[in-house]
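Next comes target17.tsv, a file with TSV, C-alpha atoms (C1' of nucleotides).
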```tsv
chain	number	residue	atom	x	y	z
A	1	MET	CA	-19.68	-16.66	11.41
A	2	ASN	CA	-19.87	-14.72	14.63
A	3	SER	CA	-17.10	-13.49	16.86
A	4	LEU	CA	-18.89	-13.75	20.19
A	5	TRP	CA	-17.72	-17.30	20.89
A	6	GLY	CA	-14.88	-17.76	18.40
A	7	GLN	CA	-14.69	-20.78	16.16
A	8	PRO	CA	-17.65	-23.18	15.97
A	9	LEU	CA	-17.27	-26.79	17.06
A	10	PRO	CA	-15.31	-28.70	14.37
A	11	GLN	CA	-16.80	-31.49	12.29
A	12	SER	CA	-14.89	-34.02	14.41
A	13	PHE	CA	-17.17	-33.10	17.34
A	14	TYR	CA	-20.04	-34.82	15.53
A	15	GLU	CA	-18.16	-38.03	14.80
A	16	LYS	CA	-19.41	-39.96	17.78
A	17	ASP	CA	-22.17	-42.41	18.58
A	18	THR	CA	-25.56	-40.73	18.27
A	19	GLU	CA	-26.43	-41.20	21.95
A	20	ASP	CA	-23.08	-39.74	23.02
A	21	LEU	CA	-23.69	-36.80	20.69
A	22	ALA	CA	-27.18	-36.27	22.13
A	23	TYR	CA	-25.67	-35.91	25.61
A	24	ALA	CA	-22.85	-33.72	24.26
A	25	LEU	CA	-25.25	-31.30	22.57
A	26	LEU	CA	-26.91	-30.31	25.84
A	27	GLY	CA	-25.43	-27.04	27.07
A	28	VAL	CA	-23.97	-26.21	23.66
A	29	VAL	CA	-24.91	-22.87	22.07
A	30	LEU	CA	-26.79	-22.83	18.76
A	31	ALA	CA	-26.22	-19.55	16.91
A	32	HIS	CA	-27.60	-18.11	13.68
A	33	GLN	CA	-26.08	-15.02	12.10
A	34	THR	CA	-28.46	-13.27	9.68
A	35	PRO	CA	-28.80	-9.78	8.20
A	36	GLU	CA	-31.31	-9.09	10.97
A	37	GLY	CA	-28.64	-9.83	13.57
A	38	LEU	CA	-27.41	-12.65	15.76
A	39	THR	CA	-29.80	-14.96	17.57
A	40	ALA	CA	-28.51	-17.72	19.82
A	41	GLY	CA	-29.56	-20.06	22.59
A	42	ARG	CA	-28.29	-22.86	24.79
A	43	ILE	CA	-29.57	-26.33	23.89
A	44	VAL	CA	-31.53	-27.77	26.82
A	45	GLU	CA	-33.57	-30.58	25.20
A	46	VAL	CA	-32.97	-33.03	22.32
A	47	GLU	CA	-34.34	-36.27	20.85
A	48	MET	CA	-32.37	-38.81	18.86
A	49	TYR	CA	-33.64	-40.67	15.77
A	50	ARG	CA	-31.76	-43.79	14.75
A	51	GLY	CA	-32.39	-44.76	11.15
A	52	SER	CA	-33.46	-48.32	10.40
A	53	LEU	CA	-33.43	-49.16	14.15
A	54	ASP	CA	-36.16	-46.64	14.73
A	55	ARG	CA	-39.70	-46.78	13.43
A	56	ALA	CA	-40.18	-43.11	14.35
A	57	ALA	CA	-37.29	-41.89	12.19
A	58	HIS	CA	-37.86	-40.32	8.79
A	59	SER	CA	-34.96	-42.49	7.62
A	60	TYR	CA	-36.52	-45.75	8.91
A	61	SER	CA	-36.94	-47.24	5.44
A	62	GLY	CA	-33.19	-47.00	4.91
A	63	VAL	CA	-33.75	-45.29	1.55
A	64	ALA	CA	-32.60	-41.69	1.13
A	65	THR	CA	-35.33	-39.53	-0.42
A	66	LYS	CA	-35.27	-35.91	-1.50
A	67	ARG	CA	-36.28	-34.97	2.03
A	68	THR	CA	-34.01	-37.30	4.01
A	69	ARG	CA	-30.91	-37.14	1.84
A	70	VAL	CA	-28.78	-35.16	4.32
A	71	MET	CA	-29.67	-37.53	7.16
A	72	PHE	CA	-27.65	-40.20	5.36
A	73	GLY	CA	-24.75	-37.87	4.66
A	74	PRO	CA	-21.73	-36.94	6.80
A	75	PRO	CA	-22.34	-35.71	10.37
A	76	GLY	CA	-22.50	-32.11	11.49
A	77	HIS	CA	-25.01	-30.91	8.91
A	78	ALA	CA	-28.47	-29.42	9.43
A	79	TYR	CA	-31.49	-31.59	8.59
A	80	VAL	CA	-34.48	-29.22	8.45
A	81	TYR	CA	-37.94	-30.59	7.70
A	82	PHE	CA	-41.37	-29.07	7.27
A	83	ILE	CA	-44.23	-30.45	9.37
A	84	TYR	CA	-47.97	-29.98	9.98
A	85	GLY	CA	-48.27	-27.61	7.06
A	86	MET	CA	-46.67	-24.67	8.87
A	87	HIS	CA	-43.68	-25.58	11.03
A	88	TYR	CA	-39.98	-26.26	10.54
A	89	CYS	CA	-37.79	-28.36	12.84
A	90	LEU	CA	-34.00	-28.55	13.07
A	91	ASN	CA	-31.95	-31.73	13.45
A	92	VAL	CA	-28.20	-32.26	13.76
A	93	VAL	CA	-27.02	-35.12	11.55
A	94	SER	CA	-24.84	-37.54	13.51
A	95	ALA	CA	-22.48	-40.38	12.71
A	96	PRO	CA	-21.99	-42.87	11.28
A	97	GLU	CA	-22.47	-41.65	7.74
A	98	GLY	CA	-24.99	-43.71	5.79
A	99	LYS	CA	-27.09	-44.78	8.80
A	100	GLY	CA	-29.59	-41.93	8.66
A	101	GLU	CA	-29.23	-40.92	12.31
A	102	ALA	CA	-29.92	-37.41	13.59
A	103	ILE	CA	-30.78	-35.45	16.71
A	104	LEU	CA	-33.81	-33.15	16.91
A	105	VAL	CA	-33.21	-29.93	18.83
A	106	ARG	CA	-36.40	-29.53	20.91
A	107	ALA	CA	-35.71	-26.53	23.16
A	108	LEU	CA	-33.28	-23.69	23.78
A	109	GLU	CA	-32.56	-21.28	26.59
A	110	PRO	CA	-32.47	-17.97	24.67
A	111	LEU	CA	-29.24	-16.01	25.14
A	112	VAL	CA	-28.74	-13.44	22.38
A	113	GLY	CA	-31.13	-11.49	20.15
A	114	LEU	CA	-34.27	-11.96	22.23
A	115	ASP	CA	-35.81	-8.89	20.61
A	116	ILE	CA	-35.30	-10.42	17.15
A	117	MET	CA	-36.71	-13.74	18.33
A	118	ALA	CA	-39.80	-12.04	19.73
A	119	ARG	CA	-40.38	-10.21	16.46
A	120	ARG	CA	-40.06	-13.42	14.43
A	121	ARG	CA	-42.43	-15.16	16.83
A	122	ASN	CA	-44.97	-12.33	16.56
A	123	MET	CA	-44.74	-11.65	20.26
A	124	ALA	CA	-45.21	-7.90	19.97
A	125	LEU	CA	-45.68	-7.30	23.67
A	126	PHE	CA	-42.59	-9.28	24.61
A	127	ASN	CA	-40.97	-8.07	27.80
A	128	PRO	CA	-37.45	-9.51	28.42
A	129	SER	CA	-37.77	-8.95	32.16
A	130	PHE	CA	-40.84	-11.19	32.25
A	131	SER	CA	-39.38	-14.70	32.29
A	132	LYS	CA	-42.61	-16.45	31.31
A	133	ASP	CA	-42.44	-14.62	27.99
A	134	SER	CA	-38.81	-15.54	27.32
A	135	GLN	CA	-39.60	-19.19	28.05
A	136	ARG	CA	-42.23	-19.20	25.33
A	137	LEU	CA	-39.72	-18.04	22.70
A	138	THR	CA	-37.88	-21.34	22.17
A	139	ASN	CA	-39.46	-24.13	24.27
A	140	GLY	CA	-40.41	-26.36	21.35
A	141	PRO	CA	-38.78	-27.53	18.10
A	142	ALA	CA	-40.89	-25.39	15.78
A	143	LYS	CA	-40.73	-22.41	18.12
A	144	LEU	CA	-36.94	-22.34	18.23
A	145	ALA	CA	-36.72	-22.75	14.46
A	146	GLN	CA	-39.00	-19.75	14.00
A	147	ALA	CA	-37.15	-17.71	16.65
A	148	LEU	CA	-33.77	-18.35	15.02
A	149	GLY	CA	-35.05	-17.81	11.48
A	150	ILE	CA	-34.50	-21.43	10.42
A	151	ASN	CA	-36.43	-22.83	7.45
A	152	SER	CA	-35.84	-24.89	4.32
A	153	ARG	CA	-33.06	-22.52	3.19
A	154	GLN	CA	-30.80	-23.92	5.91
A	155	TYR	CA	-31.34	-27.51	4.71
A	156	GLY	CA	-27.98	-29.29	4.58
A	157	TRP	CA	-25.89	-26.44	5.95
A	158	PRO	CA	-22.64	-27.50	7.67
A	159	LEU	CA	-22.87	-26.47	11.30
A	160	PHE	CA	-19.06	-26.33	11.56
A	161	GLU	CA	-18.71	-23.67	8.85
A	162	SER	CA	-21.82	-21.64	8.07
A	163	PRO	CA	-23.89	-18.79	9.55
A	164	LEU	CA	-25.71	-21.53	11.50
A	165	SER	CA	-23.23	-22.89	14.02
A	166	LEU	CA	-22.68	-24.65	17.34
A	167	HIS	CA	-20.35	-23.38	20.06
A	168	GLN	CA	-19.02	-24.87	23.30
A	169	ILE	CA	-19.08	-22.08	25.89
A	170	GLU	CA	-19.20	-24.12	29.10
A	171	ASP	CA	-18.01	-27.46	30.44
A	172	PRO	CA	-20.09	-30.41	29.19
A	173	VAL	CA	-23.24	-30.89	31.28
A	174	SER	CA	-22.76	-33.69	33.82
A	175	LYS	CA	-24.90	-36.78	33.13
A	176	THR	CA	-26.21	-36.50	36.67
A	177	LYS	CA	-27.97	-33.29	35.62
A	178	ILE	CA	-29.53	-34.87	32.53
A	179	ALA	CA	-32.92	-36.60	32.52
A	180	ARG	CA	-34.16	-38.98	29.82
A	181	GLY	CA	-37.51	-40.38	28.79
A	182	PRO	CA	-39.73	-41.34	25.83
A	183	ARG	CA	-39.91	-39.01	22.84
A	184	ILE	CA	-42.84	-36.69	22.18
A	185	ASN	CA	-45.64	-37.51	19.71
A	186	VAL	CA	-44.24	-40.76	18.32
A	187	SER	CA	-46.91	-43.10	19.73
A	188	TYR	CA	-47.50	-44.48	16.22
A	189	ALA	CA	-43.97	-45.93	16.18
A	190	LYS	CA	-44.80	-49.23	17.98
A	191	GLU	CA	-41.83	-50.52	20.01
A	192	ALA	CA	-39.80	-47.39	19.24
A	193	ALA	CA	-42.39	-45.22	20.98
A	194	ASP	CA	-41.14	-46.51	24.33
A	195	PHE	CA	-37.42	-45.92	23.76
A	196	ASP	CA	-36.00	-43.37	26.20
A	197	TRP	CA	-34.43	-41.31	23.44
A	198	ARG	CA	-35.35	-37.83	24.65
A	199	PHE	CA	-32.79	-36.03	26.79
A	200	TRP	CA	-33.11	-32.78	28.70
A	201	ILE	CA	-31.36	-30.75	31.39
A	202	ARG	CA	-33.18	-31.58	34.61
A	203	ASP	CA	-35.25	-28.76	36.14
A	204	ASN	CA	-34.42	-26.35	33.33
A	205	PRO	CA	-37.41	-23.99	32.85
A	206	PHE	CA	-36.84	-23.73	29.10
A	207	VAL	CA	-37.53	-27.38	28.18
A	208	SER	CA	-40.75	-28.09	26.27
A	209	ARG	CA	-41.95	-30.60	28.85
A	210	GLY	CA	-40.21	-31.27	32.13
B	1	DT	C1'	-53.96	-26.31	34.58
B	2	DG	C1'	-55.20	-29.43	31.45
B	3	DA	C1'	-57.70	-31.44	27.49
B	4	DT	C1'	-59.22	-30.83	22.94
B	5	DC	C1'	-59.07	-29.40	18.32
B	6	DG	C1'	-58.33	-26.77	13.96
B	7	DA	C1'	-54.89	-24.83	10.84
B	8	DT	C1'	-52.23	-26.11	6.78
B	9	DG	C1'	-49.22	-28.31	3.10
B	10	DC	C1'	-45.48	-31.44	2.22
B	11	DT	C1'	-44.08	-36.36	1.88
B	12	DC	C1'	-44.69	-40.86	0.89
B	13	DT	C1'	-47.89	-44.77	-0.16
C	1	DG	C1'	-55.28	-39.71	0.01
C	2	DA	C1'	-53.57	-40.33	4.71
C	3	DG	C1'	-50.73	-38.95	8.11
C	4	DC	C1'	-47.64	-36.03	10.41
C	5	DA	C1'	-40.74	-35.52	15.29
C	6	DT	C1'	-46.41	-28.84	16.28
C	7	DC	C1'	-48.50	-24.75	18.00
C	8	DG	C1'	-51.89	-21.76	19.88
C	9	DA	C1'	-56.68	-20.75	20.79
C	10	DT	C1'	-60.48	-22.14	23.30
C	11	DC	C1'	-63.18	-24.23	26.75
C	12	DA	C1'	-63.95	-26.61	31.15
C	13	DA	C1'	-63.04	-26.75	35.87
```
Using structure tokens, write down the structure that the file contains.
Amino acid sequence: MNSLWGQPLPQSFYEKDTEDLAYALLGVVLAHQTPEGLTAGRIVEVEMYRGSLDRAAHSYSGVATKRTRVMFGPPGHAYVYFIYGMHYCLNVVSAPEGKGEAILVRALEPLVGLDIMARRRNMALFNPSFSKDSQRLTNGPAKLAQALGINSRQYGWPLFESPLSLHQIEDPVSKTKIARGPRINVSYAKEAADFDWRFWIRDNPFVSRG
DNA sequence: TGATCGATGCTCT
DNA sequence: GAGCATCGATCAA
């Protein structure tokens, strides 16, 4: 737990419809306390995945497997998966329990521990005063996982009581400042490929694709 | 600035 | 055995 922002958001925060939670997550701080130090960033882009409604979701079959087990569990837990042989991605499990719905965190605006993030990302020449470099730290789901030190060890962690936590440090982002559109790299998912289930803070330079 | 493509290994069929 | 909720290097313009 870290003392910078006090208590993390309680489990009740996650007990809402998945689309409402996707909106609510924008502007929230994701923090990870490790022996290396604290790294944290503001969520600026997410995608939602909706179980058996959604051909693109890992939980589409409706059957919990070893990989997807936490997606079907109670909300507020971390669903971390391994992809393309080398990358990890972080999802926030949402309600209702049993549906297999979750929200992929696609981009952060880095706030704390940028030096640690740069080291983990092998950006040796990182210069915090050069904004183009700081944008490259966390503007993609696998990038932010690497920058925050997230991998299979964090699978299933409760985000309301673990070293990986979410914090509300500002008023919720107004819907008028939020853009939405189709998700990235799900063209195989037939009708679900066209769903506007990606949400991002409009004009924010840290999103993966504006 | 944008398109293309290889790396790399787990998951599910 | 095929495919993948990605990234970064490379090449063309």
Give me, as an mmCIF file with C-alpha atoms (C1' of nucleotides), in the coordinates of the input, the contact residues of chain C against chain A at a cut-off of 8 Å, counting only C-alpha atoms (C1' of nucleotides).
```
data_model
loop_
_atom_site.group_PDB
_atom_site.id
_atom_site.type_symbol
_atom_site.label_atom_id
_atom_site.label_comp_id
_atom_site.auth_asym_id
_atom_site.auth_seq_id
_atom_site.Cartn_x
_atom_site.Cartn_y
_atom_site.Cartn_z
ATOM 1 C "C1'" DC C 4 -47.640 -36.030 10.410
ATOM 2 C "C1'" DA C 5 -40.740 -35.520 15.290
ATOM 3 C "C1'" DT C 6 -46.410 -28.840 16.280
ATOM 4 C "C1'" DC C 7 -48.500 -24.750 18.000
#
```
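Between atom CA of A:Arg209 and atom C1' of B:DG9 the separation is 26.9 Å.
Using all atoms listed in the file, the shortest contact distance between chain B and any of A:Leu114, A:Ser59, A:Arg119, A:Val207 is found at A:Ser59.
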>> Quick one: residues within 12 Å of C:DA12, only C-alpha atoms (C1' of nucleotides), excluding same-chain residues fewer than 4 positions away - as number ranges by chain?
In response: B: 1-4
Just write the chosen residues, C-alpha atoms (C1' of nucleotides), as an mmCIF file, in the coordinates of the input.
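In the end it all went to out_8.cif:
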```cif
data_model
loop_
_atom_site.group_PDB
_atom_site.id
_atom_site.type_symbol
_atom_site.label_atom_id
_atom_site.label_comp_id
_atom_site.auth_asym_id
_atom_site.auth_seq_id
_atom_site.Cartn_x
_atom_site.Cartn_y
_atom_site.Cartn_z
ATOM 1 C "C1'" DT B 1 -53.960 -26.310 34.580
ATOM 2 C "C1'" DG B 2 -55.200 -29.430 31.450
ATOM 3 C "C1'" DA B 3 -57.700 -31.440 27.490
ATOM 4 C "C1'" DT B 4 -59.220 -30.830 22.940
#
```
>> Can you work out which residues from chain B touch chain A at a cut-off of 12 Å (counting only C-alpha atoms (C1' of nucleotides)) and hand them back as a ChimeraX atom specification?
In response: /B:6-12
For the residues in the current selection, export C-alpha atoms (C1' of nucleotides) as a PDB file, in the frame of the given file.
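Contents of part-v3.pdb, as written:
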```
ATOM      1  C1'  DG B   6     -58.330 -26.770  13.960  1.00  0.00           C
ATOM      2  C1'  DA B   7     -54.890 -24.830  10.840  1.00  0.00           C
ATOM      3  C1'  DT B   8     -52.230 -26.110   6.780  1.00  0.00           C
ATOM      4  C1'  DG B   9     -49.220 -28.310   3.100  1.00  0.00           C
ATOM      5  C1'  DC B  10     -45.480 -31.440   2.220  1.00  0.00           C
ATOM      6  C1'  DT B  11     -44.080 -36.360   1.880  1.00  0.00           C
ATOM      7  C1'  DC B  12     -44.690 -40.860   0.890  1.00  0.00           C
TER       8       DC B  12
END
```
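Our summary of the geometry notes that atom CA of A:Asp17 is positioned 21.4 Å from atom CA of A:Glu161.
Shortest separation to A:Phe199 among A:Gly51, A:Pro8, A:Gly27, A:Pro74 occurs at residue A:Gly27, atoms counted being all atoms listed in the file.
Counting from atom CA of A:Ser174, the distance to atom CA of A:Ala24 is 9.6 Å.
Closest approach to A:Ile116 from the set A:Ser152, A:Gln146, A:Gln11, A:Gln168 is made by A:Gln146, with distances taken over only C-alpha atoms.
Nearest to A:Pro10 of all the residues A:Gly98, A:Pro163, A:Gly113, A:Pro75 is A:Pro75, based on only C-alpha atoms.
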